[in-house]
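Everything on this sheet refers to the single structure shown next.
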Amino acid sequence: MTNVAPLGIFGRIASQSAFSENANELRQWVGAISKEERGRIVEYLRSGTPIIALMGFSEDVLGNKFSRPGGTAIMSDGRFFWRLDAADYVQHYGIELPEEFIAHGDARQWDPVALSREEVAQVDRHLGHLRKTGAL
């Protein structure tokens, strides 16, 4: 559990204003996931277990197609962690995700598993450690 990895650009713990600085980077990955593949990935991302609940409100930095209360919250499946609004970017834009994550999801048949309290605490401690050491 302590090897939980960031889900690419969506694995950055950042405020909405800081995340908006990634708009150009996001644009280069638009359309990488076909519309046919997006549904199962989006549901998986939305079904992650909340690790860090944040009160922020995120808005689409690419084209104003969505907004998400709590979109900067951090979710996890025990192997990866991501911003809650990652699902919206995949749904609306097909933003590319790391191949390792796609293989991981395929291996699980995109069936999310809820993390236990102890697993949530482990991921939270790991993220705290990464922030403390400057790795995030």
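Here, A, B, ... name the chains of the structure tokens in the order displayed, residue numbers run from 1 inside each chain, and ligands are numbered from 1 in the same displayed order.
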Long-range neighbours of A:Leu115 as a PyMOL selection string, 12 Å cut-off, only C-alpha atoms, 5 positions minimum in chain:
chain A and resi 1+47-51+75-79+120-124
Restrict the selected residues to N, CA, C and O atoms and save them as a PDB file, in the first residue's frame.
```
ATOM      1  N   MET A   1       0.820  -1.196   0.000  1.00  0.00           N
ATOM      2  CA  MET A   1       0.000   0.000   0.000  1.00  0.00           C
ATOM      3  C   MET A   1       0.865   1.263   0.000  1.00  0.00           C
ATOM      4  O   MET A   1       0.457   2.264  -0.527  1.00  0.00           O
ATOM      5  N   SER A  47     -15.297   5.965  -8.567  1.00  0.00           N
ATOM      6  CA  SER A  47     -15.553   4.999  -7.497  1.00  0.00           C
ATOM      7  C   SER A  47     -14.368   4.816  -6.561  1.00  0.00           C
ATOM      8  O   SER A  47     -14.422   3.989  -5.649  1.00  0.00           O
ATOM      9  N   GLY A  48     -13.296   5.569  -6.775  1.00  0.00           N
ATOM     10  CA  GLY A  48     -12.154   5.478  -5.878  1.00  0.00           C
ATOM     11  C   GLY A  48     -12.547   5.861  -4.461  1.00  0.00           C
ATOM     12  O   GLY A  48     -13.596   6.461  -4.223  1.00  0.00           O
ATOM     13  N   THR A  49     -11.717   5.495  -3.540  1.00  0.00           N
ATOM     14  CA  THR A  49     -11.949   5.816  -2.131  1.00  0.00           C
ATOM     15  C   THR A  49     -11.357   7.191  -1.826  1.00  0.00           C
ATOM     16  O   THR A  49     -10.191   7.439  -2.135  1.00  0.00           O
ATOM     17  N   PRO A  50     -12.130   8.094  -1.217  1.00  0.00           N
ATOM     18  CA  PRO A  50     -11.586   9.404  -0.851  1.00  0.00           C
ATOM     19  C   PRO A  50     -10.477   9.264   0.194  1.00  0.00           C
ATOM     20  O   PRO A  50     -10.640   8.556   1.184  1.00  0.00           O
ATOM     21  N   ILE A  51      -9.366   9.925  -0.063  1.00  0.00           N
ATOM     22  CA  ILE A  51      -8.235   9.925   0.876  1.00  0.00           C
ATOM     23  C   ILE A  51      -8.134  11.284   1.548  1.00  0.00           C
ATOM     24  O   ILE A  51      -8.007  11.384   2.756  1.00  0.00           O
ATOM     25  N   MET A  75      -8.426  10.885  -4.466  1.00  0.00           N
ATOM     26  CA  MET A  75      -9.034   9.552  -4.448  1.00  0.00           C
ATOM     27  C   MET A  75      -7.932   8.514  -4.649  1.00  0.00           C
ATOM     28  O   MET A  75      -6.856   8.830  -5.157  1.00  0.00           O
ATOM     29  N   SER A  76      -8.241   7.249  -4.310  1.00  0.00           N
ATOM     30  CA  SER A  76      -7.259   6.187  -4.530  1.00  0.00           C
ATOM     31  C   SER A  76      -7.946   4.833  -4.664  1.00  0.00           C
ATOM     32  O   SER A  76      -9.065   4.642  -4.196  1.00  0.00           O
ATOM     33  N   ASP A  77      -7.237   3.925  -5.310  1.00  0.00           N
ATOM     34  CA  ASP A  77      -7.663   2.530  -5.379  1.00  0.00           C
ATOM     35  C   ASP A  77      -6.656   1.635  -4.663  1.00  0.00           C
ATOM     36  O   ASP A  77      -6.704   0.426  -4.762  1.00  0.00           O
ATOM     37  N   GLY A  78      -5.726   2.258  -3.949  1.00  0.00           N
ATOM     38  CA  GLY A  78      -4.702   1.516  -3.230  1.00  0.00           C
ATOM     39  C   GLY A  78      -3.421   1.347  -4.025  1.00  0.00           C
ATOM     40  O   GLY A  78      -2.369   1.049  -3.472  1.00  0.00           O
ATOM     41  N   ARG A  79      -3.474   1.544  -5.319  1.00  0.00           N
ATOM     42  CA  ARG A  79      -2.290   1.447  -6.181  1.00  0.00           C
ATOM     43  C   ARG A  79      -1.919   2.814  -6.768  1.00  0.00           C
ATOM     44  O   ARG A  79      -0.774   3.138  -6.959  1.00  0.00           O
ATOM     45  N   VAL A 120      -6.829   3.396   3.961  1.00  0.00           N
ATOM     46  CA  VAL A 120      -6.936   4.844   3.748  1.00  0.00           C
ATOM     47  C   VAL A 120      -5.876   5.561   4.583  1.00  0.00           C
ATOM     48  O   VAL A 120      -5.183   6.457   4.091  1.00  0.00           O
ATOM     49  N   ALA A 121      -5.727   5.159   5.823  1.00  0.00           N
ATOM     50  CA  ALA A 121      -4.728   5.773   6.704  1.00  0.00           C
ATOM     51  C   ALA A 121      -3.317   5.554   6.161  1.00  0.00           C
ATOM     52  O   ALA A 121      -2.479   6.466   6.202  1.00  0.00           O
ATOM     53  N   GLN A 122      -3.039   4.371   5.630  1.00  0.00           N
ATOM     54  CA  GLN A 122      -1.721   4.084   5.055  1.00  0.00           C
ATOM     55  C   GLN A 122      -1.439   4.982   3.850  1.00  0.00           C
ATOM     56  O   GLN A 122      -0.345   5.542   3.726  1.00  0.00           O
ATOM     57  N   VAL A 123      -2.415   5.102   2.960  1.00  0.00           N
ATOM     58  CA  VAL A 123      -2.237   5.958   1.788  1.00  0.00           C
ATOM     59  C   VAL A 123      -2.053   7.405   2.229  1.00  0.00           C
ATOM     60  O   VAL A 123      -1.167   8.106   1.731  1.00  0.00           O
ATOM     61  N   ASP A 124      -2.854   7.853   3.175  1.00  0.00           N
ATOM     62  CA  ASP A 124      -2.756   9.219   3.666  1.00  0.00           C
ATOM     63  C   ASP A 124      -1.374   9.489   4.264  1.00  0.00           C
ATOM     64  O   ASP A 124      -0.766  10.526   3.997  1.00  0.00           O
TER      65      ASP A 124
END
```
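Every residue of stretch 8-82 of chain A found in strand (DSSP E) when DSSP is run on the backbone appears here: A:Thr49, A:Pro50, A:Ile51, A:Ile52, A:Phe57, A:Ser58, A:Glu59, A:Ser67, A:Arg68, A:Pro69, A:Ile74, A:Met75, A:Ser76, A:Phe80, A:Phe81, A:Trp82.
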If we count only C-alpha atoms, what is near A:Ala53 at a cut-off of 10 Å, once residues fewer than 3 positions away on the same chain are taken out, given as a PyMOL selection string?
chain A and resi 50+56+70-75+84
Set the distance at 12 Å and use only C-alpha atoms: which residues neighbour A:Glu99 once local chain neighbours fewer than 4 positions away are removed? I'd like the list as a ChimeraX atom specification.
/A:7-8,32-33,103-106
Write out as a list of chain:residue names each polymer residue whose atoms come within 9 Å of A:Ile102, counting only C-alpha atoms; drop sequence neighbours fewer than 5 positions from it.
A:Ile41, A:Leu97, A:Ala107
Which neighbours of A:Gln28 fall inside 12 Å, counting only C-alpha atoms, when residues of the same chain fewer than 6 positions from it are skipped, and could you give them as a PyMOL selection string?
chain A and resi 9+22+62+93-97
Residues near A:Glu43, cut-off 12 Å, only C-alpha atoms, skip fewer than 3 positions along chain, as a PyMOL selection string:
chain A and resi 37-40+46-48+84-88+90-91+105+109-112
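Compared by their closest atoms to A:Gln16, and using only C-alpha atoms, the residues A:Glu119, A:Asp60, A:Glu100, A:Glu36 rank with A:Asp60 nearest.
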I'd like the interatomic distance between atom CA of A:Gly11 and atom CA of A:Ser34, to a tenth of an Å.
21.5 Å
